[in-house]
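Trainee: Structure file coords.cif, mmCIF, C-alpha atoms and all ligand atoms, is pasted below:
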```
data_work
loop_
_atom_site.label_atom_id
_atom_site.label_comp_id
_atom_site.auth_asym_id
_atom_site.auth_seq_id
_atom_site.Cartn_x
_atom_site.Cartn_y
_atom_site.Cartn_z
CA MET A 1 0.00 0.00 0.00
CA PRO A 2 1.32 3.51 -0.73
CA THR A 3 1.93 5.78 2.27
CA ALA A 4 1.01 9.45 2.62
CA LEU A 5 2.33 11.80 5.29
CA ILE A 6 -0.01 14.72 5.97
CA THR A 7 0.94 17.63 8.22
CA GLY A 8 -1.93 19.33 10.03
CA ALA A 9 -3.98 16.17 9.51
CA THR A 10 -6.48 16.57 12.36
CA ALA A 11 -8.59 19.48 11.08
CA GLY A 12 -9.80 21.29 7.99
CA ILE A 13 -8.08 20.64 4.67
CA GLY A 14 -5.54 18.20 6.18
CA ALA A 15 -8.31 16.03 7.69
CA ALA A 16 -10.10 16.09 4.32
CA PHE A 17 -6.88 14.88 2.61
CA ALA A 18 -6.60 12.13 5.24
CA ARG A 19 -10.16 10.85 4.66
CA ARG A 20 -9.86 10.97 0.88
CA LEU A 21 -6.44 9.28 0.76
CA ALA A 22 -7.56 6.62 3.26
CA SER A 23 -10.57 5.87 1.05
CA ASP A 24 -8.16 5.61 -1.92
CA GLY A 25 -6.20 2.93 0.03
CA PHE A 26 -3.21 4.94 1.30
CA ASP A 27 -1.65 4.07 4.63
CA LEU A 28 -1.26 7.32 6.56
CA VAL A 29 1.26 9.14 8.72
CA LEU A 30 -0.72 11.86 10.49
CA LEU A 31 1.13 14.81 11.98
CA ALA A 32 -0.13 17.58 14.30
CA ARG A 33 0.60 18.95 17.79
CA ASP A 34 -2.45 17.68 19.70
CA GLY A 35 -1.62 14.03 20.43
CA GLU A 36 -5.06 12.98 21.73
CA ARG A 37 -6.81 14.40 18.71
CA LEU A 38 -4.28 12.71 16.43
CA GLU A 39 -4.93 9.32 18.06
CA ARG A 40 -8.71 9.78 17.71
CA ALA A 41 -8.34 10.70 14.03
CA ALA A 42 -6.02 7.74 13.39
CA ARG A 43 -8.41 5.29 15.11
CA ASP A 44 -11.42 6.57 13.13
CA LEU A 45 -9.57 6.28 9.82
CA ARG A 46 -8.26 2.79 10.66
CA ASP A 47 -11.72 1.58 11.67
CA THR A 48 -13.50 3.11 8.69
CA TYR A 49 -11.06 2.35 5.88
CA ALA A 50 -9.03 -0.67 7.15
CA ILE A 51 -5.70 1.08 6.55
CA SER A 52 -2.54 1.37 8.70
CA THR A 53 -1.93 4.64 10.49
CA GLU A 54 1.03 6.17 12.29
CA THR A 55 0.84 9.33 14.34
CA LEU A 56 3.59 11.89 14.71
CA VAL A 57 3.08 14.47 17.45
CA ALA A 58 5.24 17.34 16.26
CA ASP A 59 5.26 21.12 16.34
CA LEU A 60 6.52 22.35 12.96
CA ALA A 61 7.36 25.70 14.54
CA ALA A 62 10.05 23.93 16.63
CA GLU A 63 13.39 22.44 15.56
CA GLU A 64 12.65 19.03 17.18
CA GLY A 65 9.27 18.85 15.45
CA ILE A 66 10.70 19.56 12.01
CA ALA A 67 13.59 17.13 12.61
CA ALA A 68 11.20 14.30 13.61
CA ALA A 69 9.09 14.91 10.52
CA GLU A 70 12.19 15.01 8.30
CA GLU A 71 13.32 11.66 9.69
CA ARG A 72 9.96 10.06 8.85
CA CYS A 73 10.04 11.56 5.35
CA ARG A 74 13.56 10.22 4.77
CA ALA A 75 12.39 6.72 5.71
CA GLY A 76 10.15 6.94 2.60
CA VAL A 77 6.65 8.14 1.81
CA ASP A 78 4.82 8.05 -1.52
CA LEU A 79 2.92 11.30 -1.00
CA LEU A 80 3.81 14.23 1.25
CA VAL A 81 1.13 16.83 1.93
CA ASN A 82 2.69 19.91 3.55
CA ASN A 83 -0.57 21.36 4.81
CA ALA A 84 -0.09 22.63 8.41
CA GLY A 85 -0.50 26.38 8.62
CA PHE A 86 -2.23 29.22 10.39
CA GLY A 87 -3.20 32.87 10.00
CA HIS A 88 -2.86 36.05 12.03
CA LYS A 89 -5.40 38.72 12.70
CA GLY A 90 -3.96 42.15 12.18
CA THR A 91 -1.50 44.11 10.12
CA PHE A 92 2.28 43.78 10.24
CA LEU A 93 3.05 46.07 13.18
CA ASN A 94 0.08 44.78 15.21
CA VAL A 95 1.37 41.21 15.29
CA PRO A 96 4.28 40.27 17.60
CA VAL A 97 7.37 39.74 15.47
CA SER A 98 7.85 36.28 17.04
CA ASP A 99 4.44 35.24 15.57
CA GLU A 100 5.63 36.39 12.15
CA THR A 101 8.85 34.36 12.33
CA THR A 102 6.89 31.34 13.64
CA MET A 103 4.71 31.62 10.54
CA LEU A 104 7.79 31.56 8.31
CA LYS A 105 9.08 28.49 10.18
CA VAL A 106 5.84 26.54 9.65
CA HIS A 107 4.91 27.81 6.17
CA CYS A 108 8.41 27.97 4.65
CA GLU A 109 11.19 26.24 6.60
CA ALA A 110 9.17 23.11 7.45
CA VAL A 111 7.84 22.87 3.87
CA LEU A 112 11.36 23.23 2.45
CA ARG A 113 12.96 20.71 4.82
CA LEU A 114 10.24 18.07 4.53
CA THR A 115 10.24 18.35 0.73
CA HIS A 116 14.04 18.01 0.76
CA ALA A 117 13.80 14.95 3.01
CA ALA A 118 11.03 13.20 1.07
CA LEU A 119 12.14 13.63 -2.56
CA PRO A 120 15.32 11.51 -2.72
CA SER A 121 13.57 8.21 -1.96
CA MET A 122 10.73 9.14 -4.35
CA LEU A 123 13.27 9.80 -7.11
CA GLU A 124 15.03 6.53 -6.30
CA ARG A 125 11.75 4.60 -6.65
CA GLY A 126 10.75 6.67 -9.69
CA ARG A 127 7.34 7.67 -8.27
CA GLY A 128 5.83 9.95 -5.66
CA ALA A 129 4.48 13.44 -5.10
CA VAL A 130 4.64 16.46 -2.82
CA VAL A 131 1.63 18.75 -2.41
CA ASN A 132 2.46 22.06 -0.73
CA VAL A 133 -0.64 23.85 0.50
CA SER A 134 -0.38 27.53 -0.36
CA SER A 135 -3.34 29.91 -0.84
CA VAL A 136 -4.82 32.35 -3.37
CA SER A 137 -3.29 34.95 -1.03
CA ALA A 138 -0.04 34.01 -2.79
CA PHE A 139 -1.22 36.09 -5.76
CA ALA A 140 -2.19 39.10 -3.70
CA VAL A 141 -0.40 41.45 -1.34
CA ARG A 142 -1.48 40.37 2.11
CA GLY A 143 1.20 40.72 4.77
CA THR A 144 3.49 37.95 5.93
CA TYR A 145 0.79 35.32 5.33
CA GLY A 146 0.51 36.16 1.62
CA ALA A 147 4.27 36.52 1.31
CA SER A 148 4.88 33.10 2.87
CA LYS A 149 2.28 31.50 0.58
CA ALA A 150 3.83 33.23 -2.46
CA TRP A 151 7.12 31.63 -1.42
CA VAL A 152 5.40 28.21 -1.33
CA VAL A 153 4.21 28.64 -4.94
CA SER A 154 7.59 29.83 -6.23
CA PHE A 155 9.47 27.17 -4.26
CA SER A 156 7.20 24.35 -5.47
CA GLN A 157 7.48 25.43 -9.11
CA GLY A 158 11.25 25.70 -8.80
CA VAL A 159 11.62 22.23 -7.28
CA ALA A 160 9.21 20.73 -9.83
CA GLN A 161 11.40 22.13 -12.62
CA ASP A 162 14.61 20.95 -10.91
CA ILE A 163 13.44 17.33 -10.71
CA ALA A 164 11.54 17.19 -14.02
CA GLY A 165 14.52 15.83 -15.95
CA ARG A 166 15.33 13.25 -13.28
CA SER A 167 11.95 11.66 -12.86
CA GLY A 168 10.46 11.70 -16.34
CA GLY A 169 7.40 13.39 -14.79
CA ARG A 170 6.70 10.47 -12.44
CA VAL A 171 7.71 12.44 -9.31
CA ARG A 172 5.60 15.57 -8.99
CA VAL A 173 5.62 18.70 -6.85
CA MET A 174 2.49 20.86 -6.81
CA ALA A 175 1.40 24.00 -4.98
CA LEU A 176 -2.27 23.99 -3.97
CA CYS A 177 -3.87 27.45 -3.74
CA PRO A 178 -7.36 27.41 -2.23
CA GLY A 179 -9.53 30.46 -1.59
CA PHE A 180 -11.70 30.67 1.54
CA VAL A 181 -12.42 27.23 2.99
CA LYS A 182 -14.58 26.61 6.07
CA THR A 183 -12.18 25.05 8.57
CA GLU A 184 -10.86 25.96 12.02
CA PHE A 185 -8.36 28.37 10.43
CA HIS A 186 -10.24 31.67 10.85
CA ARG A 187 -11.54 30.91 14.36
CA ARG A 188 -8.04 29.94 15.52
CA ALA A 189 -6.70 33.24 14.14
CA GLY A 190 -9.52 35.18 15.81
CA MET A 191 -10.80 36.46 12.45
CA ASP A 192 -14.45 37.38 12.02
CA VAL A 193 -15.34 36.14 8.55
CA SER A 194 -19.08 36.79 8.73
CA GLY A 195 -18.65 39.47 6.03
CA ILE A 196 -17.30 36.99 3.47
CA PRO A 197 -20.14 36.16 1.03
CA GLU A 198 -21.27 32.54 0.85
CA PHE A 199 -20.27 32.10 -2.82
CA MET A 200 -16.62 32.70 -1.89
CA TRP A 201 -16.45 29.66 0.39
CA LEU A 202 -15.08 26.40 -0.98
CA ASP A 203 -15.88 22.96 0.39
CA LYS A 204 -12.78 21.23 1.76
CA ASP A 205 -13.58 17.88 0.09
CA MET A 206 -14.00 19.68 -3.24
CA VAL A 207 -10.59 21.34 -2.69
CA VAL A 208 -8.96 17.95 -2.10
CA ASP A 209 -10.72 16.38 -5.13
CA ALA A 210 -9.51 19.23 -7.35
CA ALA A 211 -5.99 18.99 -5.93
CA LEU A 212 -5.66 15.25 -6.55
CA ARG A 213 -7.14 15.60 -10.04
CA ASP A 214 -4.64 18.37 -10.88
CA LEU A 215 -1.80 16.32 -9.40
CA ARG A 216 -2.68 13.39 -11.69
CA ARG A 217 -2.68 15.78 -14.66
CA GLY A 218 0.76 17.15 -13.80
CA VAL A 219 -0.47 20.65 -12.93
CA GLN A 220 2.18 22.61 -10.96
CA VAL A 221 -0.09 25.27 -9.42
CA SER A 222 -3.61 24.11 -8.58
CA VAL A 223 -6.33 26.73 -7.96
CA PRO A 224 -9.61 24.97 -7.09
CA GLY A 225 -12.90 26.54 -8.23
CA ALA A 226 -13.82 28.52 -11.37
CA TRP A 227 -14.34 31.74 -9.40
CA TYR A 228 -10.85 31.64 -7.87
CA LYS A 229 -9.24 30.61 -11.19
CA ALA A 230 -10.74 33.81 -12.64
CA ILE A 231 -9.48 35.94 -9.71
CA VAL A 232 -5.95 34.54 -10.06
CA ALA A 233 -6.03 35.15 -13.83
CA ALA A 234 -7.20 38.72 -13.18
CA THR A 235 -4.35 39.41 -10.71
CA ARG A 236 -1.95 38.65 -13.58
CA LEU A 237 -3.54 41.38 -15.73
CA VAL A 238 -3.81 44.15 -13.12
CA PRO A 239 -0.65 46.09 -12.11
CA SER A 240 0.57 44.66 -8.79
CA GLY A 241 0.34 48.03 -7.01
CA VAL A 242 -3.39 48.29 -7.78
CA ALA A 243 -4.08 44.66 -6.92
CA GLY A 244 -2.05 45.14 -3.75
CA ARG A 245 -4.07 48.14 -2.55
CA PHE A 246 -7.37 46.31 -3.10
CA SER A 247 -6.22 43.00 -1.71
CA SER A 248 -4.61 44.48 1.36
CA ARG A 249 -7.90 46.20 2.26
CA ALA A 250 -9.99 43.11 1.49
CA GLY A 251 -7.60 40.98 3.48
CA ARG A 252 -8.03 43.12 6.58
CA SER A 253 -11.78 43.76 6.42
CA TYR A 254 -12.81 40.70 8.36
CA GLY A 255 -15.41 42.58 10.40
CA PRO A 256 -19.06 41.58 10.69
CA ARG A 257 -21.33 42.15 7.67
CA ARG A 258 -22.82 45.69 7.66
CA THR A 259 -26.59 45.84 7.23
N1 LIG B 1 -9.13 27.73 5.49
C1 LIG B 1 -8.82 28.56 4.49
O1 LIG B 1 -9.62 29.45 4.12
C2 LIG B 1 -7.50 28.41 3.77
C3 LIG B 1 -7.38 29.05 2.52
C4 LIG B 1 -6.18 28.92 1.82
C5 LIG B 1 -5.15 28.19 2.34
N2 LIG B 1 -5.29 27.58 3.56
C6 LIG B 1 -4.14 26.81 4.06
O2 LIG B 1 -4.56 25.47 4.25
C7 LIG B 1 -3.74 24.86 5.26
C8 LIG B 1 -4.64 24.15 6.26
O3 LIG B 1 -5.47 25.12 6.87
P1 LIG B 1 -6.91 24.77 7.46
O4 LIG B 1 -7.79 25.85 7.01
O5 LIG B 1 -7.27 23.36 7.21
O6 LIG B 1 -6.58 25.03 9.02
P2 LIG B 1 -7.14 24.34 10.37
O7 LIG B 1 -8.52 23.82 10.19
O8 LIG B 1 -6.89 25.37 11.44
O9 LIG B 1 -6.14 23.10 10.60
C9 LIG B 1 -4.79 23.30 10.84
C10 LIG B 1 -4.10 21.97 11.08
O10 LIG B 1 -2.69 22.23 11.19
C11 LIG B 1 -2.19 21.77 12.45
N3 LIG B 1 -1.13 22.69 12.87
C12 LIG B 1 -1.23 24.02 13.06
N4 LIG B 1 -0.05 24.52 13.47
C13 LIG B 1 0.82 23.49 13.51
C14 LIG B 1 2.20 23.37 13.87
N5 LIG B 1 2.91 24.41 14.32
N6 LIG B 1 2.77 22.14 13.80
C15 LIG B 1 2.06 21.08 13.38
N7 LIG B 1 0.77 21.13 13.03
C16 LIG B 1 0.14 22.32 13.11
C17 LIG B 1 -3.44 21.74 13.35
O11 LIG B 1 -3.37 20.78 14.42
P3 LIG B 1 -2.72 21.11 15.88
O12 LIG B 1 -3.31 22.42 16.32
O13 LIG B 1 -3.08 19.94 16.74
O14 LIG B 1 -1.24 21.20 15.64
C18 LIG B 1 -4.51 21.30 12.36
O15 LIG B 1 -4.47 19.90 12.18
C19 LIG B 1 -2.90 25.99 5.85
O16 LIG B 1 -1.59 25.93 5.30
C20 LIG B 1 -3.61 27.26 5.41
O17 LIG B 1 -2.73 28.35 5.29
C21 LIG B 1 -6.45 27.67 4.27
#
```
Please, can you express the file's structure as structure tokens?
Ligand SMILES: NC(=O)c1ccc[n+]([C@@H]2O[C@H](COP(=O)([O-])OP(=O)(O)OC[C@H]3O[C@@H](n4cnc5c(N)ncnc54)[C@H](OP(=O)(O)O)[C@@H]3O)[C@@H](O)[C@H]2O)c1
Mentor:
Amino acid sequence: MPTALITGATAGIGAAFARRLASDGFDLVLLARDGERLERAARDLRDTYAISTETLVADLAAEEGIAAAEERCRAGVDLLVNNAGFGHKGTFLNVPVSDETTMLKVHCEAVLRLTHAALPSMLERGRGAVVNVSSVSAFAVRGTYGASKAWVVSFSQGVAQDIAGRSGGRVRVMALCPGFVKTEFHRRAGMDVSGIPEFMWLDKDMVVDAALRDLRRGVQVSVPGAWYKAIVAATRLVPSGVAGRFSSRAGRSYGPRRT
């Protein structure tokens, strides 16, 4: 059975990846910080889908957590989903600088190191994939969050190009860029998203379906949903200063809907 390692596997998009991959017959390595919740998730998936599960309690904002995850990746996985992430409420100077550097550790350093650890054995076997969860914020100007997600897109495309000649296309690296998805993300960040219109919300299972379909097709940057594909295409046509002014305002107007 192929094995997938998913970071941030207990909630939201990561949990949706876990369910979908379990139903596709993957054995799973589930990673998050909350050990009890991880065990519960692993038990449910084992019981429902008759797969093997491992749990890895690790904080990807800490050196030991990243090192433990790297070690598991080096031992060999067929699919790595670098999904763990979080948001901040507030603009640059309103967020403690330590929270900003923690974000870079989880969104960038952990993604880089786990990708680096997982790829060699995939290339040796001649098959495998890495999905790095970015965001449509990567195409906008939206503080450290958007900047870190833009790095994920650029990094993933660069690595995909670097390995293309070595794997004959059988080892793939893809950035996944969802728009708004109903998960624990906004509540954890203390964001009020009641002003975001319903049509802008994506279903997490739909996001995972689109991601896996794009991965099979060899897409390097996956943007689920027609509406968000159009937004991303539009950001490429508008001068970045204009898009930046609009996006920065939209990104910070998380207040309740005005009536
Ligand atoms: N929701 C959206 O609208 C949206 C849109 C675009 C992109 N994304 C991206 O999608 C990814 C998943 O977000 P989500 O919305 O599914 O969030 P979520 O529901 O809050 O789930 C986050 C998951 O990551 C884990 N996690 C958080 N910090 C971690 C750390 N330091 N080390 C290890 N695990 C950690 C959490 O478990 P523990 O707390 O137990 O560690 C949890 O399993 C993120 O990269 C996010 O930036 C989300």
Trainee: Excluding A:Gln157 and its own-chain neighbours fewer than 5 positions away, which residues fall within 12 Å of it when counting only C-alpha atoms? Please give them as a PyMOL selection string.
Mentor: chain A and resi 130-132+134+150-152+162-164+172-176+218-222
Trainee: Could you tell me which of A:Ala230, A:Ala110, A:Cys73, A:Ile13 comes closest to ligand LIG 1 (chain B) if we count all atoms listed in the file?
Mentor: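 For ligand LIG 1 (chain B), the nearest of the candidates is A:Ile13.
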Trainee: Would you list the residues that come within 6 Å of ligand LIG 1 (chain B)? Count all atoms listed in the file and give the answer as a VMD selection string.
Mentor: chain A and resid 7 to 14 32 to 34 58 to 61 83 to 86 106 133 to 135 178 to 185
Trainee: Select, from A:Ala117, A:Val208, A:Leu45, A:Arg19, the residue with the minimum atom-to-atom distance to A:Ile66, counting all atoms listed in the file.
Mentor: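 Among the listed residues, A:Ala117 lies closest to A:Ile66.
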Trainee: Looking at only C-alpha atoms, which of A:Leu80, A:Ala16, A:Val232, A:Val97 is the one that sits closest to A:Asp209?
Mentor: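 Distance minimum relative to A:Asp209 lands on A:Ala16.
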Trainee: What separation in Å, quoted to one decimal, exists between atom CA of A:Lys89 and atom CA of A:Arg142?
Mentor: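 Computing it gives 11.4 Å between the two atoms.
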Trainee: Taking the block above, write stretch 120-158 of chain A with N, CA and C atoms as a PDB file, in the first residue's frame.
Mentor:
```
ATOM      1  N   PRO A 120      14.323  12.479  -2.239  1.00  0.00           N
ATOM      2  CA  PRO A 120      15.324  11.508  -2.718  1.00  0.00           C
ATOM      3  C   PRO A 120      14.796  10.084  -2.842  1.00  0.00           C
ATOM      4  N   SER A 121      14.043   9.598  -1.847  1.00  0.00           N
ATOM      5  CA  SER A 121      13.567   8.213  -1.963  1.00  0.00           C
ATOM      6  C   SER A 121      12.484   8.103  -3.037  1.00  0.00           C
ATOM      7  N   MET A 122      11.724   9.177  -3.253  1.00  0.00           N
ATOM      8  CA  MET A 122      10.728   9.142  -4.349  1.00  0.00           C
ATOM      9  C   MET A 122      11.457   9.025  -5.689  1.00  0.00           C
ATOM     10  N   LEU A 123      12.524   9.822  -5.835  1.00  0.00           N
ATOM     11  CA  LEU A 123      13.268   9.796  -7.107  1.00  0.00           C
ATOM     12  C   LEU A 123      13.936   8.439  -7.309  1.00  0.00           C
ATOM     13  N   GLU A 124      14.397   7.860  -6.212  1.00  0.00           N
ATOM     14  CA  GLU A 124      15.027   6.527  -6.295  1.00  0.00           C
ATOM     15  C   GLU A 124      14.024   5.483  -6.792  1.00  0.00           C
ATOM     16  N   ARG A 125      12.790   5.564  -6.251  1.00  0.00           N
ATOM     17  CA  ARG A 125      11.750   4.597  -6.648  1.00  0.00           C
ATOM     18  C   ARG A 125      11.108   4.962  -7.987  1.00  0.00           C
ATOM     19  N   GLY A 126      11.328   6.225  -8.420  1.00  0.00           N
ATOM     20  CA  GLY A 126      10.746   6.672  -9.690  1.00  0.00           C
ATOM     21  C   GLY A 126       9.269   6.983  -9.599  1.00  0.00           C
ATOM     22  N   ARG A 127       8.745   7.251  -8.397  1.00  0.00           N
ATOM     23  CA  ARG A 127       7.341   7.673  -8.270  1.00  0.00           C
ATOM     24  C   ARG A 127       7.150   8.376  -6.938  1.00  0.00           C
ATOM     25  N   GLY A 128       6.133   9.248  -6.904  1.00  0.00           N
ATOM     26  CA  GLY A 128       5.827   9.954  -5.664  1.00  0.00           C
ATOM     27  C   GLY A 128       5.410  11.380  -5.945  1.00  0.00           C
ATOM     28  N   ALA A 129       4.938  12.057  -4.909  1.00  0.00           N
ATOM     29  CA  ALA A 129       4.484  13.436  -5.098  1.00  0.00           C
ATOM     30  C   ALA A 129       4.529  14.206  -3.790  1.00  0.00           C
ATOM     31  N   VAL A 130       4.704  15.530  -3.956  1.00  0.00           N
ATOM     32  CA  VAL A 130       4.644  16.455  -2.821  1.00  0.00           C
ATOM     33  C   VAL A 130       3.588  17.510  -3.160  1.00  0.00           C
ATOM     34  N   VAL A 131       2.620  17.675  -2.262  1.00  0.00           N
ATOM     35  CA  VAL A 131       1.631  18.754  -2.415  1.00  0.00           C
ATOM     36  C   VAL A 131       1.897  19.765  -1.311  1.00  0.00           C
ATOM     37  N   ASN A 132       2.215  20.999  -1.705  1.00  0.00           N
ATOM     38  CA  ASN A 132       2.465  22.059  -0.729  1.00  0.00           C
ATOM     39  C   ASN A 132       1.265  22.994  -0.710  1.00  0.00           C
ATOM     40  N   VAL A 133       0.586  23.057   0.441  1.00  0.00           N
ATOM     41  CA  VAL A 133      -0.641  23.854   0.502  1.00  0.00           C
ATOM     42  C   VAL A 133      -0.284  25.323   0.679  1.00  0.00           C
ATOM     43  N   SER A 134      -0.592  26.092  -0.363  1.00  0.00           N
ATOM     44  CA  SER A 134      -0.383  27.533  -0.361  1.00  0.00           C
ATOM     45  C   SER A 134      -1.754  28.187  -0.195  1.00  0.00           C
ATOM     46  N   SER A 135      -2.073  29.185  -0.983  1.00  0.00           N
ATOM     47  CA  SER A 135      -3.341  29.910  -0.844  1.00  0.00           C
ATOM     48  C   SER A 135      -3.471  30.862  -2.041  1.00  0.00           C
ATOM     49  N   VAL A 136      -4.698  31.298  -2.345  1.00  0.00           N
ATOM     50  CA  VAL A 136      -4.819  32.347  -3.368  1.00  0.00           C
ATOM     51  C   VAL A 136      -4.195  33.650  -2.882  1.00  0.00           C
ATOM     52  N   SER A 137      -3.988  33.754  -1.563  1.00  0.00           N
ATOM     53  CA  SER A 137      -3.293  34.947  -1.031  1.00  0.00           C
ATOM     54  C   SER A 137      -1.891  35.073  -1.622  1.00  0.00           C
ATOM     55  N   ALA A 138      -1.366  33.980  -2.166  1.00  0.00           N
ATOM     56  CA  ALA A 138      -0.038  34.008  -2.793  1.00  0.00           C
ATOM     57  C   ALA A 138       0.001  34.988  -3.956  1.00  0.00           C
ATOM     58  N   PHE A 139      -1.172  35.238  -4.560  1.00  0.00           N
ATOM     59  CA  PHE A 139      -1.220  36.088  -5.756  1.00  0.00           C
ATOM     60  C   PHE A 139      -1.643  37.511  -5.423  1.00  0.00           C
ATOM     61  N   ALA A 140      -1.769  37.783  -4.133  1.00  0.00           N
ATOM     62  CA  ALA A 140      -2.191  39.105  -3.702  1.00  0.00           C
ATOM     63  C   ALA A 140      -1.103  39.687  -2.806  1.00  0.00           C
ATOM     64  N   VAL A 141      -1.352  40.888  -2.299  1.00  0.00           N
ATOM     65  CA  VAL A 141      -0.401  41.452  -1.338  1.00  0.00           C
ATOM     66  C   VAL A 141      -1.112  41.425   0.001  1.00  0.00           C
ATOM     67  N   ARG A 142      -0.741  40.537   0.867  1.00  0.00           N
ATOM     68  CA  ARG A 142      -1.476  40.368   2.109  1.00  0.00           C
ATOM     69  C   ARG A 142      -0.529  39.961   3.236  1.00  0.00           C
ATOM     70  N   GLY A 143       0.351  40.893   3.600  1.00  0.00           N
ATOM     71  CA  GLY A 143       1.202  40.718   4.772  1.00  0.00           C
ATOM     72  C   GLY A 143       2.088  39.491   4.694  1.00  0.00           C
ATOM     73  N   THR A 144       2.567  39.076   5.849  1.00  0.00           N
ATOM     74  CA  THR A 144       3.493  37.946   5.935  1.00  0.00           C
ATOM     75  C   THR A 144       2.818  36.654   5.480  1.00  0.00           C
ATOM     76  N   TYR A 145       1.502  36.530   5.757  1.00  0.00           N
ATOM     77  CA  TYR A 145       0.793  35.317   5.332  1.00  0.00           C
ATOM     78  C   TYR A 145       0.879  35.163   3.808  1.00  0.00           C
ATOM     79  N   GLY A 146       0.477  36.224   3.088  1.00  0.00           N
ATOM     80  CA  GLY A 146       0.508  36.164   1.622  1.00  0.00           C
ATOM     81  C   GLY A 146       1.923  35.963   1.103  1.00  0.00           C
ATOM     82  N   ALA A 147       2.874  36.633   1.751  1.00  0.00           N
ATOM     83  CA  ALA A 147       4.273  36.517   1.308  1.00  0.00           C
ATOM     84  C   ALA A 147       4.772  35.084   1.499  1.00  0.00           C
ATOM     85  N   SER A 148       4.410  34.471   2.624  1.00  0.00           N
ATOM     86  CA  SER A 148       4.875  33.097   2.871  1.00  0.00           C
ATOM     87  C   SER A 148       4.235  32.131   1.872  1.00  0.00           C
ATOM     88  N   LYS A 149       2.970  32.387   1.526  1.00  0.00           N
ATOM     89  CA  LYS A 149       2.285  31.500   0.583  1.00  0.00           C
ATOM     90  C   LYS A 149       2.798  31.714  -0.853  1.00  0.00           C
ATOM     91  N   ALA A 150       3.217  32.970  -1.155  1.00  0.00           N
ATOM     92  CA  ALA A 150       3.834  33.226  -2.463  1.00  0.00           C
ATOM     93  C   ALA A 150       5.150  32.456  -2.561  1.00  0.00           C
ATOM     94  N   TRP A 151       5.877  32.410  -1.453  1.00  0.00           N
ATOM     95  CA  TRP A 151       7.125  31.630  -1.416  1.00  0.00           C
ATOM     96  C   TRP A 151       6.821  30.154  -1.709  1.00  0.00           C
ATOM     97  N   VAL A 152       5.743  29.637  -1.127  1.00  0.00           N
ATOM     98  CA  VAL A 152       5.402  28.214  -1.331  1.00  0.00           C
ATOM     99  C   VAL A 152       5.164  27.933  -2.820  1.00  0.00           C
ATOM    100  N   VAL A 153       4.473  28.847  -3.509  1.00  0.00           N
ATOM    101  CA  VAL A 153       4.209  28.642  -4.939  1.00  0.00           C
ATOM    102  C   VAL A 153       5.523  28.655  -5.716  1.00  0.00           C
ATOM    103  N   SER A 154       6.340  29.685  -5.477  1.00  0.00           N
ATOM    104  CA  SER A 154       7.585  29.828  -6.228  1.00  0.00           C
ATOM    105  C   SER A 154       8.530  28.656  -5.939  1.00  0.00           C
ATOM    106  N   PHE A 155       8.617  28.298  -4.669  1.00  0.00           N
ATOM    107  CA  PHE A 155       9.465  27.174  -4.256  1.00  0.00           C
ATOM    108  C   PHE A 155       9.011  25.877  -4.943  1.00  0.00           C
ATOM    109  N   SER A 156       7.714  25.618  -4.909  1.00  0.00           N
ATOM    110  CA  SER A 156       7.197  24.354  -5.465  1.00  0.00           C
ATOM    111  C   SER A 156       7.450  24.288  -6.971  1.00  0.00           C
ATOM    112  N   GLN A 157       7.221  25.415  -7.663  1.00  0.00           N
ATOM    113  CA  GLN A 157       7.476  25.433  -9.108  1.00  0.00           C
ATOM    114  C   GLN A 157       8.959  25.217  -9.405  1.00  0.00           C
ATOM    115  N   GLY A 158       9.807  25.841  -8.596  1.00  0.00           N
ATOM    116  CA  GLY A 158      11.251  25.696  -8.799  1.00  0.00           C
ATOM    117  C   GLY A 158      11.704  24.260  -8.605  1.00  0.00           C
TER     118      GLY A 158
END
```
